[in-house]
Amino acid sequence: IAGFAASNSIFDIYECETIIDFPQVKSTTATLNDYYEKRDAEVEAGAAHYTALECCNEENGAKKVWNLSEDVTMTILYQKFYETRDPNDNNNHSVCFILTHGERHFLFTGDLEKEGEESLVEHNNLPEVVLFKAGHHGSPTSSNDVLLSVIKPQIVCVCCCAGCGEYTANNANTFPSQAMIDRVAKY
């Protein structure tokens, strides 16, 4: 959410017509409050706002499948943390979706952790994917075999400051973690 909450944020740079976000969070932070403020300003300016759960249930005008162009769709995937608070972590509340272009699939799971990935596999008929945007910046608790063995990604992309200790002094938790790299390497 930081990219949407920062000064010169995604909301500031782009015109957002539809916003799909998380229905549950455990706690609030300054960044989350900044996100809500910017999101609400976009809605006031005319953007539609839906939660991932509304999309999965096709409620209040939301859709599960969005046609982004003539041959690209975005499907919002259900996982239990849209309806259940994770008492340990906000990451499992991430919005998950698949972009499909013809027969090619691209999976995005936000900062989902192992328990969220298990729910994603349990509640969806996931295809094999060309690209998987690794969960939670390549943390040790993301991109687990329960998910990888189903989606069998050809390419795994990790969004992080590689090897940067910005968030921790513990090398084992520097992103991407060696544990995550070891899990995805076989794909």
# chains A, B, ... in the order shown; residues from 1 in each chain; ligands from 1

call {"tool": "residues_around", "arguments": {"residues": "Thr73 (chain A)", "least_positions_apart": "6", "cutoff": "7 Å", "atoms": "only C-alpha atoms", "output": "ChimeraX atom specification"}}
result
/A:65-67,99-101

call {"tool": "residues_around", "arguments": {"residues": "Phe11 (chain A)", "least_positions_apart": "4", "cutoff": "10 Å", "atoms": "only C-alpha atoms", "output": "mmCIF file with C-alpha atoms, in the first residue's frame"}}
result
data_model
loop_
_atom_site.group_PDB
_atom_site.id
_atom_site.type_symbol
_atom_site.label_atom_id
_atom_site.label_comp_id
_atom_site.auth_asym_id
_atom_site.auth_seq_id
_atom_site.Cartn_x
_atom_site.Cartn_y
_atom_site.Cartn_z
ATOM 1 C CA GLY A 3 3.113 3.112 -3.276
ATOM 2 C CA PHE A 4 -0.462 4.352 -3.090
ATOM 3 C CA ALA A 5 0.040 6.257 0.175
ATOM 4 C CA ALA A 6 3.315 8.090 -0.481
ATOM 5 C CA SER A 7 3.685 11.635 -1.718
ATOM 6 C CA GLU A 15 -6.172 8.337 -13.083
ATOM 7 C CA CYS A 16 -7.746 5.453 -11.186
ATOM 8 C CA TYR A 35 -3.706 5.081 1.869
ATOM 9 C CA LYS A 38 -5.854 9.045 -0.800
ATOM 10 C CA ARG A 39 -8.205 6.205 -1.783
ATOM 11 C CA ALA A 41 -10.199 11.175 -2.311
ATOM 12 C CA GLU A 42 -10.101 9.101 -5.510
#

call {"tool": "closest_residue", "arguments": {"among": "A:Ser94, A:Ser139, A:Val156, A:Asn144", "to": "Ser177 (chain A)", "atoms": "only C-alpha atoms"}}
result
A:Ser139

call {"tool": "residues_around", "arguments": {"residues": "region 55-58 of chain A", "least_positions_apart": "5", "cutoff": "10 Å", "atoms": "only C-alpha atoms", "output": "PyMOL selection string"}}
result
chain A and resi 20-21+50+63-66+75-79+82

call {"tool": "write_last_selection", "arguments": {"atoms": "N, CA and C atoms", "output": "CSV table (one decimal), in the first residue's frame"}}
result
chain,number,residue,atom,x,y,z
A,20,ILE,N,-9.7,-1.8,-6.2
A,20,ILE,CA,-10.1,-3.1,-5.5
A,20,ILE,C,-9.1,-3.3,-4.4
A,21,ASP,N,-9.5,-3.3,-3.2
A,21,ASP,CA,-8.6,-3.5,-2.1
A,21,ASP,C,-9.1,-4.5,-1.1
A,50,TYR,N,-14.2,-1.2,-4.6
A,50,TYR,CA,-14.7,-2.5,-4.2
A,50,TYR,C,-13.7,-3.2,-3.4
A,63,LYS,N,-17.2,-7.1,-9.9
A,63,LYS,CA,-17.1,-8.3,-10.8
A,63,LYS,C,-15.9,-9.2,-10.3
A,64,LYS,N,-16.1,-10.5,-10.5
A,64,LYS,CA,-15.0,-11.4,-10.3
A,64,LYS,C,-14.0,-11.3,-11.4
A,65,VAL,N,-14.5,-11.2,-12.6
A,65,VAL,CA,-13.6,-11.2,-13.8
A,65,VAL,C,-13.8,-9.8,-14.5
A,66,TRP,N,-12.6,-9.2,-14.7
A,66,TRP,CA,-12.6,-7.8,-15.3
A,66,TRP,C,-11.9,-7.9,-16.7
A,75,THR,N,-8.8,-11.8,-13.0
A,75,THR,CA,-9.8,-12.6,-12.2
A,75,THR,C,-9.3,-12.5,-10.7
A,76,ILE,N,-10.2,-11.9,-9.9
A,76,ILE,CA,-10.0,-11.8,-8.5
A,76,ILE,C,-10.2,-13.2,-7.9
A,77,LEU,N,-9.2,-13.7,-7.1
A,77,LEU,CA,-9.2,-15.0,-6.5
A,77,LEU,C,-9.6,-14.9,-5.1
A,78,TYR,N,-10.4,-15.9,-4.7
A,78,TYR,CA,-10.9,-15.9,-3.3
A,78,TYR,C,-9.9,-16.5,-2.4
A,79,GLN,N,-9.8,-16.0,-1.2
A,79,GLN,CA,-9.0,-16.6,-0.1
A,79,GLN,C,-9.7,-16.2,1.2
A,82,TYR,N,-10.1,-12.7,3.2
A,82,TYR,CA,-11.1,-11.7,2.8
A,82,TYR,C,-12.2,-11.5,3.8

call {"tool": "residues_around", "arguments": {"residues": "region 103-111 of chain A", "least_positions_apart": "2", "cutoff": "8 Å", "atoms": "only C-alpha atoms", "output": "PyMOL selection string"}}
result
chain A and resi 91-92+94-101+113+127-137+142

call {"tool": "write_last_selection", "arguments": {"atoms": "C-alpha atoms", "output": "CSV table (one decimal), in the first residue's frame"}}
result
chain,number,residue,atom,x,y,z
A,91,ASN,CA,-0.1,-9.6,4.8
A,92,ASN,CA,-2.6,-12.4,4.5
A,94,SER,CA,-3.7,-9.2,0.3
A,95,VAL,CA,-5.8,-9.0,-2.8
A,96,CYS,CA,-4.9,-12.0,-5.1
A,97,PHE,CA,-5.6,-12.1,-8.8
A,98,ILE,CA,-4.6,-13.8,-12.1
A,99,LEU,CA,-4.1,-11.8,-15.3
A,100,THR,CA,-4.9,-14.0,-18.3
A,101,HIS,CA,-3.7,-13.3,-21.9
A,113,GLU,CA,2.1,-15.6,3.6
A,127,PRO,CA,-3.6,-23.0,-13.5
A,128,GLU,CA,0.1,-23.3,-14.2
A,129,VAL,CA,1.4,-19.8,-14.7
A,130,VAL,CA,4.0,-18.2,-17.0
A,131,LEU,CA,4.8,-15.6,-14.3
A,132,PHE,CA,4.4,-15.6,-10.5
A,133,LYS,CA,5.1,-12.3,-8.7
A,134,ALA,CA,6.6,-13.8,-5.6
A,135,GLY,CA,4.7,-13.2,-2.3
A,136,HIS,CA,5.9,-10.8,0.3
A,137,HIS,CA,9.0,-9.5,-1.4
A,142,SER,CA,6.1,-16.7,1.2

call {"tool": "residues_around", "arguments": {"residues": "Asp145 (chain A)", "least_positions_apart": "5", "cutoff": "10 Å", "atoms": "only C-alpha atoms", "output": "list of chain:residue names"}}
result
A:Lys114, A:Glu117, A:Glu118, A:Val150, A:Ile151, A:Lys152, A:Met180, A:Arg183, A:Val184

call {"tool": "atom_distance", "arguments": {"atom1": "CA of Val43 (chain A)", "atom2": "CA of Gly116 (chain A)"}}
result
28.3 Å

call {"tool": "select_by_dssp", "arguments": {"residues": "region 71-160 of chain A", "states": "alpha helix (DSSP H)", "output": "VMD selection string"}}
result
chain A and resid 114 to 123 145 to 151

call {"tool": "select_by_dssp", "arguments": {"residues": "region 60-136 of chain A", "states": "strand (DSSP E)", "output": "PDB file with N, CA, C and O atoms, in the first residue's frame"}}
result
ATOM      1  N   VAL A  65     -14.456 -11.235 -12.625  1.00  0.00           N
ATOM      2  CA  VAL A  65     -13.606 -11.190 -13.813  1.00  0.00           C
ATOM      3  C   VAL A  65     -13.761  -9.825 -14.478  1.00  0.00           C
ATOM      4  O   VAL A  65     -14.875  -9.402 -14.790  1.00  0.00           O
ATOM      5  N   TRP A  66     -12.645  -9.172 -14.676  1.00  0.00           N
ATOM      6  CA  TRP A  66     -12.608  -7.839 -15.295  1.00  0.00           C
ATOM      7  C   TRP A  66     -11.928  -7.942 -16.654  1.00  0.00           C
ATOM      8  O   TRP A  66     -10.832  -8.490 -16.762  1.00  0.00           O
ATOM      9  N   ASN A  67     -12.571  -7.446 -17.703  1.00  0.00           N
ATOM     10  CA  ASN A  67     -11.958  -7.401 -19.028  1.00  0.00           C
ATOM     11  C   ASN A  67     -11.124  -6.130 -19.110  1.00  0.00           C
ATOM     12  O   ASN A  67     -11.669  -5.022 -19.114  1.00  0.00           O
ATOM     13  N   LEU A  68      -9.805  -6.293 -19.168  1.00  0.00           N
ATOM     14  CA  LEU A  68      -8.906  -5.137 -19.199  1.00  0.00           C
ATOM     15  C   LEU A  68      -8.634  -4.675 -20.621  1.00  0.00           C
ATOM     16  O   LEU A  68      -8.301  -3.512 -20.843  1.00  0.00           O
ATOM     17  N   SER A  69      -8.737  -5.600 -21.571  1.00  0.00           N
ATOM     18  CA  SER A  69      -8.631  -5.277 -22.986  1.00  0.00           C
ATOM     19  C   SER A  69      -9.307  -6.409 -23.742  1.00  0.00           C
ATOM     20  O   SER A  69      -9.861  -7.318 -23.135  1.00  0.00           O
ATOM     21  N   VAL A  72      -7.232  -9.558 -22.596  1.00  0.00           N
ATOM     22  CA  VAL A  72      -6.645  -9.662 -21.262  1.00  0.00           C
ATOM     23  C   VAL A  72      -7.748  -9.544 -20.210  1.00  0.00           C
ATOM     24  O   VAL A  72      -8.544  -8.606 -20.233  1.00  0.00           O
ATOM     25  N   THR A  73      -7.789 -10.529 -19.308  1.00  0.00           N
ATOM     26  CA  THR A  73      -8.740 -10.470 -18.199  1.00  0.00           C
ATOM     27  C   THR A  73      -7.989 -10.521 -16.872  1.00  0.00           C
ATOM     28  O   THR A  73      -6.874 -11.047 -16.790  1.00  0.00           O
ATOM     29  N   MET A  74      -8.620  -9.975 -15.860  1.00  0.00           N
ATOM     30  CA  MET A  74      -8.117 -10.049 -14.497  1.00  0.00           C
ATOM     31  C   MET A  74      -9.188 -10.726 -13.662  1.00  0.00           C
ATOM     32  O   MET A  74     -10.330 -10.263 -13.620  1.00  0.00           O
ATOM     33  N   THR A  75      -8.830 -11.841 -13.028  1.00  0.00           N
ATOM     34  CA  THR A  75      -9.757 -12.588 -12.185  1.00  0.00           C
ATOM     35  C   THR A  75      -9.325 -12.452 -10.736  1.00  0.00           C
ATOM     36  O   THR A  75      -8.196 -12.806 -10.386  1.00  0.00           O
ATOM     37  N   ILE A  76     -10.230 -11.936  -9.897  1.00  0.00           N
ATOM     38  CA  ILE A  76      -9.958 -11.818  -8.469  1.00  0.00           C
ATOM     39  C   ILE A  76     -10.163 -13.197  -7.854  1.00  0.00           C
ATOM     40  O   ILE A  76     -11.196 -13.834  -8.048  1.00  0.00           O
ATOM     41  N   LEU A  77      -9.166 -13.664  -7.120  1.00  0.00           N
ATOM     42  CA  LEU A  77      -9.187 -15.001  -6.525  1.00  0.00           C
ATOM     43  C   LEU A  77      -9.628 -14.919  -5.074  1.00  0.00           C
ATOM     44  O   LEU A  77      -9.200 -14.029  -4.337  1.00  0.00           O
ATOM     45  N   CYS A  96      -5.565 -11.008  -4.210  1.00  0.00           N
ATOM     46  CA  CYS A  96      -4.893 -11.954  -5.102  1.00  0.00           C
ATOM     47  C   CYS A  96      -5.647 -12.016  -6.425  1.00  0.00           C
ATOM     48  O   CYS A  96      -6.878 -12.045  -6.438  1.00  0.00           O
ATOM     49  N   PHE A  97      -4.894 -12.047  -7.527  1.00  0.00           N
ATOM     50  CA  PHE A  97      -5.556 -12.105  -8.834  1.00  0.00           C
ATOM     51  C   PHE A  97      -4.659 -12.755  -9.871  1.00  0.00           C
ATOM     52  O   PHE A  97      -3.441 -12.846  -9.702  1.00  0.00           O
ATOM     53  N   ILE A  98      -5.316 -13.202 -10.941  1.00  0.00           N
ATOM     54  CA  ILE A  98      -4.626 -13.755 -12.110  1.00  0.00           C
ATOM     55  C   ILE A  98      -4.953 -12.871 -13.306  1.00  0.00           C
ATOM     56  O   ILE A  98      -6.122 -12.564 -13.558  1.00  0.00           O
ATOM     57  N   LEU A  99      -3.913 -12.469 -14.020  1.00  0.00           N
ATOM     58  CA  LEU A  99      -4.090 -11.848 -15.328  1.00  0.00           C
ATOM     59  C   LEU A  99      -3.970 -12.964 -16.354  1.00  0.00           C
ATOM     60  O   LEU A  99      -3.061 -13.803 -16.260  1.00  0.00           O
ATOM     61  N   THR A 100      -4.884 -12.985 -17.311  1.00  0.00           N
ATOM     62  CA  THR A 100      -4.864 -14.009 -18.346  1.00  0.00           C
ATOM     63  C   THR A 100      -4.817 -13.336 -19.707  1.00  0.00           C
ATOM     64  O   THR A 100      -5.623 -12.435 -19.991  1.00  0.00           O
ATOM     65  N   HIS A 101      -3.856 -13.755 -20.513  1.00  0.00           N
ATOM     66  CA  HIS A 101      -3.721 -13.279 -21.889  1.00  0.00           C
ATOM     67  C   HIS A 101      -3.688 -14.515 -22.776  1.00  0.00           C
ATOM     68  O   HIS A 101      -2.687 -15.240 -22.784  1.00  0.00           O
ATOM     69  N   ARG A 104      -2.013 -17.796 -21.515  1.00  0.00           N
ATOM     70  CA  ARG A 104      -0.953 -17.494 -20.555  1.00  0.00           C
ATOM     71  C   ARG A 104      -1.539 -16.844 -19.304  1.00  0.00           C
ATOM     72  O   ARG A 104      -2.404 -15.977 -19.392  1.00  0.00           O
ATOM     73  N   HIS A 105      -1.038 -17.275 -18.156  1.00  0.00           N
ATOM     74  CA  HIS A 105      -1.537 -16.793 -16.864  1.00  0.00           C
ATOM     75  C   HIS A 105      -0.398 -16.183 -16.054  1.00  0.00           C
ATOM     76  O   HIS A 105       0.731 -16.700 -16.066  1.00  0.00           O
ATOM     77  N   PHE A 106      -0.727 -15.113 -15.321  1.00  0.00           N
ATOM     78  CA  PHE A 106       0.232 -14.373 -14.510  1.00  0.00           C
ATOM     79  C   PHE A 106      -0.400 -14.167 -13.136  1.00  0.00           C
ATOM     80  O   PHE A 106      -1.449 -13.533 -13.029  1.00  0.00           O
ATOM     81  N   LEU A 107       0.229 -14.718 -12.080  1.00  0.00           N
ATOM     82  CA  LEU A 107      -0.357 -14.717 -10.740  1.00  0.00           C
ATOM     83  C   LEU A 107       0.297 -13.667  -9.844  1.00  0.00           C
ATOM     84  O   LEU A 107       1.523 -13.604  -9.747  1.00  0.00           O
ATOM     85  N   PHE A 108      -0.557 -12.900  -9.161  1.00  0.00           N
ATOM     86  CA  PHE A 108      -0.131 -11.859  -8.224  1.00  0.00           C
ATOM     87  C   PHE A 108      -0.817 -12.113  -6.879  1.00  0.00           C
ATOM     88  O   PHE A 108      -2.043 -12.194  -6.814  1.00  0.00           O
ATOM     89  N   LEU A 131       4.143 -16.467 -15.239  1.00  0.00           N
ATOM     90  CA  LEU A 131       4.834 -15.605 -14.291  1.00  0.00           C
ATOM     91  C   LEU A 131       4.117 -15.597 -12.955  1.00  0.00           C
ATOM     92  O   LEU A 131       2.893 -15.488 -12.905  1.00  0.00           O
ATOM     93  N   PHE A 132       4.881 -15.697 -11.896  1.00  0.00           N
ATOM     94  CA  PHE A 132       4.386 -15.559 -10.533  1.00  0.00           C
ATOM     95  C   PHE A 132       5.152 -14.427  -9.883  1.00  0.00           C
ATOM     96  O   PHE A 132       6.379 -14.457  -9.814  1.00  0.00           O
ATOM     97  N   LYS A 133       4.428 -13.401  -9.452  1.00  0.00           N
ATOM     98  CA  LYS A 133       5.054 -12.321  -8.683  1.00  0.00           C
ATOM     99  C   LYS A 133       5.138 -12.850  -7.274  1.00  0.00           C
ATOM    100  O   LYS A 133       4.143 -13.000  -6.591  1.00  0.00           O
TER     101      LYS A 133
END

call {"tool": "closest_residue", "arguments": {"among": "A:Ala2, A:Ile155, A:Ala62, A:Leu120", "to": "Leu32 (chain A)", "atoms": "only C-alpha atoms"}}
result
A:Ala2

call {"tool": "atom_distance", "arguments": {"atom1": "CA of Lys186 (chain A)", "atom2": "CA of Ser143 (chain A)"}}
result
12.5 Å
